[in-house]
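Containing compact mmCIF, C-alpha atoms: input-v9.txt.
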```
# COMPACT_ATOMS: atom_id res chain seq x y z
CA MET A 1 -0.80 6.77 -19.69
CA ARG A 2 -3.84 8.49 -18.30
CA GLU A 3 -5.93 5.65 -19.70
CA LEU A 4 -3.70 3.17 -17.90
CA VAL A 5 -4.21 4.88 -14.54
CA GLU A 6 -7.93 5.13 -15.16
CA TYR A 7 -8.20 1.48 -16.19
CA MET A 8 -6.33 0.12 -13.17
CA ALA A 9 -8.19 2.36 -10.72
CA LYS A 10 -11.64 1.63 -12.13
CA GLU A 11 -11.03 -2.11 -12.09
CA LEU A 12 -9.91 -2.04 -8.47
CA VAL A 13 -12.39 0.23 -6.72
CA ASP A 14 -15.97 -0.42 -5.64
CA SER A 15 -17.19 2.89 -7.12
CA PRO A 16 -15.60 3.25 -10.58
CA ASP A 17 -17.85 6.23 -11.36
CA GLU A 18 -16.00 8.27 -8.77
CA VAL A 19 -12.56 7.69 -10.31
CA ARG A 20 -11.02 10.90 -11.71
CA VAL A 21 -7.57 11.29 -13.19
CA GLN A 22 -6.11 14.74 -13.62
CA GLN A 23 -2.96 15.28 -15.64
CA VAL A 24 -0.59 18.07 -14.59
CA ARG A 25 2.40 19.03 -16.65
CA GLY A 26 5.46 19.70 -14.56
CA ASN A 27 8.79 20.95 -15.87
CA GLN A 28 10.52 17.62 -15.75
CA ALA A 29 7.74 15.15 -15.17
CA VAL A 30 4.20 14.27 -16.12
CA ILE A 31 2.09 14.21 -12.98
CA PHE A 32 -1.16 12.29 -12.62
CA LYS A 33 -3.50 13.01 -9.75
CA LEU A 34 -5.81 10.12 -9.00
CA TYR A 35 -9.06 10.77 -7.14
CA VAL A 36 -11.17 7.90 -5.81
CA ALA A 37 -14.02 7.62 -3.29
CA GLN A 38 -12.80 7.78 0.30
CA ASP A 39 -13.80 4.17 0.97
CA ASP A 40 -11.89 2.99 -2.11
CA LYS A 41 -8.51 4.39 -1.12
CA GLY A 42 -7.41 1.10 0.37
CA TRP A 43 -7.85 -0.59 -2.99
CA VAL A 44 -5.57 1.79 -4.88
CA ILE A 45 -2.99 2.17 -2.13
CA GLY A 46 -2.83 -1.30 -0.62
CA ARG A 47 -0.96 -2.51 2.38
CA LYS A 48 2.39 -0.76 2.71
CA GLY A 49 1.50 1.08 -0.51
CA ARG A 50 1.99 -2.03 -2.57
CA VAL A 51 -0.83 -1.39 -5.04
CA ALA A 52 0.19 2.25 -5.53
CA ASN A 53 3.78 1.18 -6.12
CA ALA A 54 2.77 -1.43 -8.69
CA MET A 55 0.71 1.22 -10.50
CA ARG A 56 3.72 3.56 -10.43
CA ALA A 57 6.04 0.86 -11.78
CA LEU A 58 3.73 0.10 -14.71
CA LEU A 59 3.18 3.80 -15.34
CA GLN A 60 6.94 4.34 -15.40
CA VAL A 61 7.33 1.65 -18.08
CA ALA A 62 4.49 3.18 -20.06
CA GLY A 63 6.32 6.51 -19.78
CA THR A 64 9.56 4.96 -21.03
CA ILE A 65 7.76 3.30 -23.96
CA GLN A 66 6.12 6.60 -24.86
CA GLY A 67 9.33 8.60 -24.49
CA ARG A 68 8.53 10.51 -21.30
CA ARG A 69 11.26 11.13 -18.82
CA ARG A 70 9.46 10.84 -15.53
CA VAL A 71 5.94 10.03 -14.51
CA VAL A 72 4.53 10.79 -11.07
CA LEU A 73 1.34 9.34 -9.62
CA ASP A 74 -0.30 11.16 -6.72
CA ILE A 75 -3.22 9.55 -4.97
CA VAL A 76 -5.34 12.36 -3.64
CA MET B 1 -18.31 -8.35 0.67
CA ASP B 2 -20.49 -8.73 -2.36
CA ARG B 3 -18.43 -11.38 -4.01
CA GLU B 4 -19.14 -14.98 -4.60
CA ALA B 5 -16.39 -17.36 -3.74
CA ARG B 6 -16.26 -21.10 -3.75
CA PRO B 7 -13.88 -21.77 -0.95
CA GLY B 8 -11.61 -24.73 -1.43
CA ARG B 9 -9.63 -26.51 1.24
CA HIS B 10 -6.06 -27.42 0.47
CA ASN B 11 -3.51 -29.45 2.36
CA ALA B 12 0.23 -29.81 2.19
CA GLU B 13 3.00 -31.05 4.45
CA PHE B 14 6.08 -29.09 5.42
CA SER B 15 9.09 -29.98 7.51
CA GLY B 16 11.62 -28.06 9.51
CA LYS B 17 13.80 -28.30 12.54
CA THR B 18 11.06 -26.61 14.55
CA VAL B 19 7.37 -26.03 14.07
CA GLU B 20 8.19 -22.39 13.41
CA GLU B 21 10.62 -23.30 10.65
CA ALA B 22 8.15 -25.66 9.06
CA LEU B 23 5.53 -22.92 9.21
CA GLU B 24 7.97 -20.46 7.73
CA SER B 25 8.64 -22.70 4.76
CA ALA B 26 4.90 -23.21 4.37
CA VAL B 27 4.33 -19.45 4.28
CA GLU B 28 7.20 -19.04 1.84
CA ALA B 29 6.10 -21.86 -0.43
CA LEU B 30 2.41 -21.08 -0.44
CA GLY B 31 2.52 -17.32 -0.23
CA ILE B 32 -0.24 -17.37 2.35
CA PRO B 33 0.17 -15.49 5.62
CA VAL B 34 0.64 -17.54 8.74
CA SER B 35 -2.56 -16.09 10.17
CA GLU B 36 -4.56 -17.81 7.43
CA LEU B 37 -2.94 -21.19 7.74
CA GLN B 38 -4.12 -23.93 10.01
CA TYR B 39 -1.76 -26.69 10.90
CA GLN B 40 -1.37 -29.90 12.73
CA VAL B 41 1.91 -31.40 13.92
CA MET B 42 2.27 -34.74 12.16
CA ARG B 43 5.65 -36.06 13.15
CA ASP B 44 7.77 -34.51 15.81
CA SER B 45 11.00 -36.38 16.16
CA THR B 46 12.32 -33.68 18.48
CA ARG B 47 9.81 -34.89 21.05
CA SER B 48 9.84 -31.50 22.68
CA PHE B 49 6.68 -29.54 23.28
CA LEU B 50 5.85 -27.52 20.15
CA GLY B 51 9.24 -28.38 18.76
CA PHE B 52 11.24 -25.56 20.22
CA MET B 53 14.31 -27.75 20.60
CA ARG B 54 16.56 -27.47 17.60
CA THR B 55 17.10 -31.15 16.96
CA GLY B 56 15.56 -33.64 14.59
CA GLU B 57 12.72 -32.71 12.31
CA VAL B 58 9.12 -31.69 12.65
CA THR B 59 6.53 -32.31 9.97
CA ILE B 60 3.34 -30.30 9.98
CA ARG B 61 0.26 -30.69 7.85
CA VAL B 62 -0.90 -27.27 6.77
CA SER B 63 -4.35 -26.53 5.49
CA TRP B 64 -5.73 -23.33 4.09
CA GLU B 65 -8.78 -22.06 2.34
CA ASP B 66 -9.04 -20.14 -0.89
CA GLY B 67 -11.82 -17.68 -0.41
CA PRO B 68 -12.65 -14.00 -0.65
CA PRO B 69 -10.28 -11.57 1.04
CA ALA B 70 -10.90 -10.77 4.66
CA SER B 71 -10.49 -7.05 4.21
CA VAL B 72 -9.45 -4.43 1.74
CA GLU B 73 -6.22 -3.47 3.43
CA VAL B 74 -4.85 -6.93 3.86
CA GLU B 75 -5.74 -8.59 0.63
CA PRO B 76 -3.29 -7.26 -1.91
CA GLU B 77 -0.23 -8.58 -0.17
CA ASP B 78 -1.57 -11.46 1.77
CA ARG B 79 -3.12 -13.20 -1.16
CA GLU B 80 -0.25 -13.06 -3.54
CA GLU B 81 1.55 -16.31 -4.05
CA GLU B 82 5.28 -16.73 -4.18
CA GLU B 83 6.24 -13.19 -3.52
CA LEU B 84 6.03 -13.06 0.21
CA SER B 85 8.55 -13.51 2.88
CA VAL B 86 7.51 -14.48 6.33
CA GLU B 87 8.22 -11.20 8.00
CA ASP B 88 5.66 -9.49 5.79
CA GLU B 89 3.01 -11.61 7.36
CA LEU B 90 3.75 -10.88 10.96
CA PRO B 91 2.40 -8.01 12.97
CA GLN B 92 4.92 -5.19 13.04
CA ASP B 93 5.82 -5.68 16.67
CA GLN B 94 6.64 -9.31 16.09
CA ALA B 95 8.35 -9.15 12.74
CA GLY B 96 11.83 -10.52 12.75
CA PRO B 97 14.08 -13.01 11.04
CA GLU B 98 14.32 -15.43 13.95
CA ALA B 99 12.21 -18.50 13.72
CA SER B 100 11.20 -17.99 17.34
CA ASP B 101 9.45 -14.82 16.31
CA VAL B 102 7.04 -16.76 14.17
CA ARG B 103 4.09 -17.43 16.39
CA PRO B 104 2.85 -20.97 16.40
CA SER B 105 -0.51 -19.24 15.96
CA SER B 106 -2.91 -18.72 18.80
CA ARG B 107 -5.42 -20.82 16.89
CA GLY B 108 -3.22 -23.87 17.18
CA ASP B 109 -5.33 -25.79 19.67
CA GLU B 110 -8.64 -25.49 17.91
CA ASP B 111 -7.01 -26.24 14.58
CA GLU B 112 -5.79 -29.58 15.75
CA ASP B 113 -9.35 -30.51 16.58
CA GLU B 114 -10.46 -29.67 13.07
CA GLY B 115 -7.58 -31.40 11.38
CA GLU B 116 -9.22 -34.64 10.42
CA ASP B 117 -12.21 -33.13 8.69
CA GLU B 118 -10.05 -30.92 6.55
CA GLU B 119 -8.15 -33.75 4.97
CA THR B 120 -11.23 -35.11 3.29
CA VAL B 121 -12.15 -31.91 1.47
CA ALA B 122 -11.05 -31.94 -2.16
CA SER B 123 -9.83 -28.95 -4.11
CA ASP B 124 -12.06 -27.25 -6.65
CA GLY B 125 -9.43 -26.51 -9.31
CA ASN B 126 -9.31 -23.14 -11.06
CA PRO B 127 -12.53 -21.27 -11.83
CA PRO B 128 -13.66 -21.74 -15.47
CA GLU B 129 -13.64 -17.98 -16.17
CA LEU B 130 -10.01 -17.60 -15.06
CA GLU B 131 -8.37 -17.95 -18.46
CA ALA B 132 -10.66 -15.55 -20.32
CA GLU B 133 -10.53 -12.92 -17.56
CA ALA B 134 -6.77 -13.17 -17.12
CA LEU B 135 -6.15 -12.86 -20.86
CA ASP B 136 -8.45 -9.86 -21.07
CA VAL B 137 -6.86 -8.08 -18.10
CA LEU B 138 -3.28 -8.72 -19.18
CA THR B 139 -3.77 -7.71 -22.82
CA THR B 140 -5.66 -4.59 -21.74
CA LEU B 141 -2.89 -3.60 -19.32
CA LEU B 142 -0.22 -4.06 -22.00
CA ASP B 143 -2.30 -2.17 -24.55
CA LYS B 144 -2.85 0.80 -22.22
CA MET B 145 0.86 0.82 -21.43
CA GLY B 146 1.57 1.16 -25.13
CA ALA B 147 3.56 -2.08 -25.29
CA LEU B 148 3.69 -3.89 -28.61
CA ALA B 149 3.18 -7.34 -27.24
CA ALA B 150 1.01 -10.41 -27.45
CA VAL B 151 -0.01 -12.88 -24.77
CA GLU B 152 0.23 -16.65 -25.16
CA VAL B 153 -1.16 -19.36 -22.93
CA VAL B 154 1.75 -21.55 -21.84
CA ASP B 155 -0.23 -23.79 -19.48
CA ARG B 156 -3.96 -23.75 -18.86
CA GLY B 157 -3.38 -25.08 -15.35
CA GLY B 158 -6.08 -26.54 -13.15
CA ARG B 159 -4.46 -29.92 -12.61
CA LEU B 160 -4.54 -31.22 -9.07
CA ASP B 161 -1.30 -32.60 -7.68
CA GLU B 162 -2.40 -35.48 -5.46
CA ASP B 163 0.69 -35.30 -3.29
CA SER B 164 0.77 -31.62 -2.50
CA GLY B 165 -2.94 -30.94 -2.92
CA GLU B 166 -1.98 -27.93 -5.03
CA VAL B 167 -3.75 -26.97 -8.24
CA SER B 168 -1.40 -25.98 -11.07
CA PRO B 169 -1.55 -22.31 -12.11
CA LEU B 170 -2.61 -20.77 -15.39
CA ILE B 171 0.64 -19.56 -16.97
CA LEU B 172 0.57 -16.66 -19.45
CA ASN B 173 3.66 -15.50 -21.34
CA VAL B 174 4.04 -12.05 -22.91
CA VAL B 175 5.93 -12.01 -26.22
CA GLY B 176 7.07 -9.03 -28.24
CA ASP B 177 10.02 -6.87 -29.17
CA ASP B 178 12.25 -5.14 -26.69
CA LEU B 179 10.41 -6.14 -23.53
CA GLY B 180 13.43 -5.64 -21.25
CA SER B 181 11.95 -2.57 -19.58
CA LEU B 182 8.78 -4.53 -18.90
CA ILE B 183 10.78 -7.21 -17.08
CA GLY B 184 12.80 -4.66 -15.13
CA ARG B 185 15.82 -5.10 -12.94
CA ARG B 186 15.77 -8.65 -11.56
CA GLY B 187 12.23 -9.00 -12.81
CA GLU B 188 10.83 -6.27 -10.54
CA THR B 189 8.53 -4.72 -13.13
CA LEU B 190 7.35 -8.17 -14.17
CA ARG B 191 6.37 -8.78 -10.57
CA SER B 192 4.37 -5.53 -10.55
CA LEU B 193 2.65 -6.56 -13.78
CA GLN B 194 1.77 -9.99 -12.41
CA PHE B 195 0.57 -8.47 -9.15
CA MET B 196 -1.65 -5.94 -10.92
CA ALA B 197 -3.05 -8.62 -13.25
CA ARG B 198 -3.80 -10.93 -10.31
CA LEU B 199 -5.34 -8.11 -8.30
CA ILE B 200 -7.68 -7.01 -11.08
CA VAL B 201 -8.66 -10.61 -11.89
CA SER B 202 -9.31 -11.20 -8.18
CA ARG B 203 -11.68 -8.22 -8.13
CA ARG B 204 -13.56 -9.68 -11.09
CA LEU B 205 -13.73 -13.29 -9.91
CA GLY B 206 -13.94 -12.80 -6.17
CA VAL B 207 -11.10 -15.22 -5.52
CA TRP B 208 -7.35 -14.77 -5.65
CA PRO B 209 -6.38 -16.21 -9.05
CA ASN B 210 -3.94 -19.06 -9.48
CA LEU B 211 -2.12 -17.12 -12.19
CA VAL B 212 1.50 -16.76 -13.26
CA VAL B 213 2.56 -14.01 -15.68
CA ASP B 214 5.85 -14.39 -17.51
CA ILE B 215 7.58 -12.23 -20.13
CA GLU B 216 9.66 -13.81 -22.90
CA ASN B 217 9.91 -16.88 -20.64
CA TYR B 218 12.09 -14.86 -18.25
CA LYS B 219 10.90 -16.80 -15.21
CA SER B 220 11.35 -20.26 -16.66
CA ARG B 221 14.84 -19.33 -17.88
CA ARG B 222 15.68 -17.82 -14.49
CA GLU B 223 14.33 -20.91 -12.77
CA GLU B 224 16.65 -23.13 -14.77
CA SER B 225 19.70 -21.05 -13.97
CA LEU B 226 18.72 -20.88 -10.29
CA ARG B 227 18.46 -24.66 -10.15
CA ALA B 228 21.89 -25.02 -11.73
CA LEU B 229 23.33 -22.43 -9.33
CA ALA B 230 21.77 -24.13 -6.30
CA LEU B 231 23.22 -27.51 -7.27
CA ARG B 232 26.64 -26.06 -8.00
CA ILE B 233 26.84 -24.25 -4.65
CA ALA B 234 25.46 -27.29 -2.80
CA ASP B 235 28.27 -29.35 -4.33
CA GLN B 236 30.82 -26.87 -3.01
CA VAL B 237 29.24 -26.79 0.45
CA ARG B 238 29.24 -30.54 0.57
CA ALA B 239 32.92 -30.67 -0.37
CA SER B 240 34.11 -27.85 1.89
CA HIS B 241 31.74 -28.34 4.85
CA GLU B 242 31.46 -24.55 4.95
CA PRO B 243 28.04 -22.85 4.65
CA MET B 244 27.58 -20.51 1.70
CA THR B 245 25.09 -17.70 1.18
CA LEU B 246 23.47 -16.79 -2.13
CA GLU B 247 22.72 -13.23 -3.19
CA PRO B 248 19.43 -11.71 -1.98
CA MET B 249 16.42 -12.98 -3.91
CA PRO B 250 12.66 -12.49 -3.94
CA ALA B 251 10.58 -15.16 -2.19
CA HIS B 252 9.62 -17.19 -5.24
CA GLU B 253 13.27 -17.46 -6.26
CA ARG B 254 14.29 -18.52 -2.75
CA ARG B 255 11.55 -21.09 -2.94
CA ILE B 256 13.07 -22.56 -6.11
CA VAL B 257 16.42 -22.95 -4.32
CA HIS B 258 14.78 -24.55 -1.25
CA LEU B 259 12.83 -26.99 -3.40
CA THR B 260 15.80 -27.85 -5.61
CA LEU B 261 17.90 -28.82 -2.60
CA ARG B 262 15.12 -30.38 -0.53
CA ASP B 263 16.38 -33.91 -1.13
CA TYR B 264 20.02 -33.06 -1.74
CA PRO B 265 22.29 -35.12 0.51
CA ASP B 266 24.33 -33.63 3.38
CA VAL B 267 23.09 -30.03 3.12
CA TYR B 268 20.02 -28.06 4.13
CA THR B 269 18.83 -24.57 3.25
CA GLU B 270 17.62 -21.63 5.30
CA SER B 271 16.51 -18.09 4.52
CA THR B 272 18.13 -15.31 6.52
CA GLY B 273 17.97 -11.51 6.49
CA LYS B 274 15.06 -9.17 6.17
CA GLU B 275 12.87 -8.20 3.24
CA GLU B 276 14.98 -6.95 0.32
CA ARG B 277 18.09 -8.46 1.86
CA ARG B 278 16.62 -11.90 2.46
CA LYS B 279 18.82 -14.65 1.05
CA VAL B 280 19.26 -18.40 1.07
CA GLN B 281 22.02 -20.06 3.03
CA ILE B 282 23.19 -23.53 2.07
CA ILE B 283 24.50 -25.27 5.18
CA PRO B 284 26.25 -28.61 5.68
CA ARG B 285 24.43 -31.07 7.94
```
What does the file become when written as structure tokens?
Amino acid sequence: MRELVEYMAKELVDSPDEVRVQQVRGNQAVIFKLYVAQDDKGWVIGRKGRVANAMRALLQVAGTIQGRRRVVLDIV
Amino acid sequence: MDREARPGRHNAEFSGKTVEEALESAVEALGIPVSELQYQVMRDSTRSFLGFMRTGEVTIRVSWEDGPPASVEVEPEDREEEELSVEDELPQDQAGPEASDVRPSSRGDEDEDEGEDEETVASDGNPPELEAEALDVLTTLLDKMGALAAVEVVDRGGRLDEDSGEVSPLILNVVGDDLGSLIGRRGETLRSLQFMARLIVSRRLGVWPNLVVDIENYKSRREESLRALALRIADQVRASHEPMTLEPMPAHERRIVHLTLRDYPDVYTESTGKEERRKVQIIPR
């Protein structure tokens, strides 16, 4: 799942070298914190959060396939 | 922007009771925001200025350009085909379901001057790298998601329809076991997958790709049942002379209903409601 977040983010941004994904284990959920360059935030969030929501939807399916209950994506 | 794009001009005609309605169906059919369309009024049987009178029919010739995105913030939504409804394209303060809220575009006057030149520009077809890039992106996405699936090319696309001026899309279909969760409720997850694939391919190619992603032929099956539904309801409307409203649908599904009934006698179709609640009404003439 972390690879999925990393892949999508790196493909979308202008500065892939500045993409960092941190995985935090919550009680109920797996949480991913995505860091990108300030200027790249628009690419991973999108208008009305559309890109972020698409990433979350795909991450959720990946979570289901891999038997995780809930996956959270935070864009920091 | 550091991307190379070979802009192509495209033309198509749309009709409606008013210019605004014709524009709305153009935006719905093409998935291009009204701000990026240029249009010329071709036939205006209403004979009223700008077609504000709700009688007769107005035909507009719409032209648009496929090129690199204007800005980071706007691109993801504005460039996606099929999945837009008109209100998404309007500035917040003007968004609304009424046709009168759709601006006839402040660029209208200058566009009419340009109209004749645009008709002569031919379309470029799909970029040669599209198929390889799209296959790579989609298989990589599926792989990183952990899905046991393969991707097949259903249609390589790139054919120019002389009438509409549209180039046919590359269609990829995902096959595998137990892909229900990947399709999602009413195809929502499939839409996210297609959107992400298009977005990544657009970043690689520098143009918004003419790409359709399907899973287990979900879309083509859904399209068939939507066509059957549209015809069945149109029959009822024709018999009863009472308008009927279908359940809320995403833009590309509403488009299928509109197109199916475009030449159906004695009824016409209209989209009403906002965003998630937007649905097609079938109305007797």
- [ ] Point out the residue among B:Val280, B:Asp235, B:Glu129, B:Gly146 with the least atom-to-atom distance to Thr64 of chain A, counting all atoms listed in the file.
- [x] B:Gly146
- [ ] Would you mind telling me which residue in B:Glu152, B:Glu276, B:Glu223, B:Glu188 lies nearest to chain A when using all atoms listed in the file?
- [x]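 Of the candidates, the smallest distance to chain A is held by B:Glu188.
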Task: Point-to-point distance from atom CA of Pro16 of chain A to atom CA of Val201 of chain B, Å rounded to tenths - done: 15.6 Å
Open item on the list: I want to know what sits within 8 Å of Asp155 of chain B, based on only C-alpha atoms, with residues of the same chain fewer than 2 positions away left out; could you give that as a list in words?
Closed with: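 Contacts, in chain order: Val153, Gly157, Pro169, Leu170, Ile171 and Leu172 of chain B.
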Per residue of chain A within 12 Å of chain B, note the shortest atom pair and the distance in Å to one decimal, counting all atoms listed in the file, and order the rows by chain and increasing residue number, as JSON lines.
```
{"residue": "A:Met1", "atom": "CA", "partner": "B:Met145", "partner_atom": "CA", "distance": 6.4}
{"residue": "A:Arg2", "atom": "CA", "partner": "B:Lys144", "partner_atom": "CA", "distance": 8.7}
{"residue": "A:Glu3", "atom": "CA", "partner": "B:Lys144", "partner_atom": "CA", "distance": 6.3}
{"residue": "A:Leu4", "atom": "CA", "partner": "B:Lys144", "partner_atom": "CA", "distance": 5.0}
{"residue": "A:Val5", "atom": "CA", "partner": "B:Lys144", "partner_atom": "CA", "distance": 8.8}
{"residue": "A:Glu6", "atom": "CA", "partner": "B:Lys144", "partner_atom": "CA", "distance": 9.7}
{"residue": "A:Tyr7", "atom": "CA", "partner": "B:Leu141", "partner_atom": "CA", "distance": 8.0}
{"residue": "A:Met8", "atom": "CA", "partner": "B:Ile200", "partner_atom": "CA", "distance": 7.6}
{"residue": "A:Ala9", "atom": "CA", "partner": "B:Ile200", "partner_atom": "CA", "distance": 9.4}
{"residue": "A:Lys10", "atom": "CA", "partner": "B:Ile200", "partner_atom": "CA", "distance": 9.6}
{"residue": "A:Glu11", "atom": "CA", "partner": "B:Ile200", "partner_atom": "CA", "distance": 6.0}
{"residue": "A:Leu12", "atom": "CA", "partner": "B:Ile200", "partner_atom": "CA", "distance": 6.0}
{"residue": "A:Val13", "atom": "CA", "partner": "B:Arg203", "partner_atom": "CA", "distance": 8.6}
{"residue": "A:Asp14", "atom": "CA", "partner": "B:Arg203", "partner_atom": "CA", "distance": 9.2}
{"residue": "A:Asp39", "atom": "CA", "partner": "B:Val72", "partner_atom": "CA", "distance": 9.7}
{"residue": "A:Asp40", "atom": "CA", "partner": "B:Val72", "partner_atom": "CA", "distance": 8.7}
{"residue": "A:Lys41", "atom": "CA", "partner": "B:Val72", "partner_atom": "CA", "distance": 9.3}
{"residue": "A:Gly42", "atom": "CA", "partner": "B:Glu73", "partner_atom": "CA", "distance": 5.6}
{"residue": "A:Trp43", "atom": "CA", "partner": "B:Val72", "partner_atom": "CA", "distance": 6.3}
{"residue": "A:Val44", "atom": "CA", "partner": "B:Pro76", "partner_atom": "CA", "distance": 9.8}
{"residue": "A:Ile45", "atom": "CA", "partner": "B:Glu73", "partner_atom": "CA", "distance": 8.6}
{"residue": "A:Gly46", "atom": "CA", "partner": "B:Glu73", "partner_atom": "CA", "distance": 5.7}
{"residue": "A:Arg47", "atom": "CA", "partner": "B:Glu73", "partner_atom": "CA", "distance": 5.4}
{"residue": "A:Lys48", "atom": "CA", "partner": "B:Glu77", "partner_atom": "CA", "distance": 8.7}
{"residue": "A:Gly49", "atom": "CA", "partner": "B:Pro76", "partner_atom": "CA", "distance": 9.7}
{"residue": "A:Arg50", "atom": "CA", "partner": "B:Glu77", "partner_atom": "CA", "distance": 7.3}
{"residue": "A:Val51", "atom": "CA", "partner": "B:Pro76", "partner_atom": "CA", "distance": 7.1}
{"residue": "A:Ala52", "atom": "CA", "partner": "B:Met196", "partner_atom": "CA", "distance": 10.0}
{"residue": "A:Asn53", "atom": "CA", "partner": "B:Ser192", "partner_atom": "CA", "distance": 8.1}
{"residue": "A:Ala54", "atom": "CA", "partner": "B:Ser192", "partner_atom": "CA", "distance": 4.8}
{"residue": "A:Met55", "atom": "CA", "partner": "B:Met196", "partner_atom": "CA", "distance": 7.6}
{"residue": "A:Arg56", "atom": "CA", "partner": "B:Ser192", "partner_atom": "CA", "distance": 9.1}
{"residue": "A:Ala57", "atom": "CA", "partner": "B:Thr189", "partner_atom": "CA", "distance": 6.3}
{"residue": "A:Leu58", "atom": "CA", "partner": "B:Leu193", "partner_atom": "CA", "distance": 6.8}
{"residue": "A:Leu59", "atom": "CA", "partner": "B:Met145", "partner_atom": "CA", "distance": 7.2}
{"residue": "A:Gln60", "atom": "CA", "partner": "B:Met145", "partner_atom": "CA", "distance": 9.3}
{"residue": "A:Val61", "atom": "CA", "partner": "B:Leu182", "partner_atom": "CA", "distance": 6.4}
{"residue": "A:Ala62", "atom": "CA", "partner": "B:Met145", "partner_atom": "CA", "distance": 4.5}
{"residue": "A:Gly63", "atom": "CA", "partner": "B:Met145", "partner_atom": "CA", "distance": 8.1}
{"residue": "A:Thr64", "atom": "CA", "partner": "B:Ser181", "partner_atom": "CA", "distance": 8.0}
{"residue": "A:Ile65", "atom": "CA", "partner": "B:Gly146", "partner_atom": "CA", "distance": 6.7}
{"residue": "A:Gln66", "atom": "CA", "partner": "B:Gly146", "partner_atom": "CA", "distance": 7.1}
{"residue": "A:Gly67", "atom": "CA", "partner": "B:Gly146", "partner_atom": "CA", "distance": 10.8}
```
Task: For Gln22 of chain A: contacts at 12 Å, all atoms listed in the file, fewer than 4 positions along chain excluded, given as a ChimeraX atom specification - done: /A:1-3,5-6,30-36,72-76
Open item on the list: So the first atom is atom CA of Asn173 of chain B and the second is atom CA of Arg277 of chain B; what is the distance between them in Å, to one decimal place?
Closed with: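 Those two atoms sit 28.2 Å apart.
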Task: Residue contacts of Ile256 of chain B (10 Å, all atoms listed in the file) excluding same-chain residues fewer than 5 positions away, as an MDAnalysis selection string - done: chainID B and resid 29 82 222:224 226:227 230 251 261:262
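As for atom CA of Gln38 of chain B and atom CA of Asn126 of chain B, they are spaced 21.7 Å apart.
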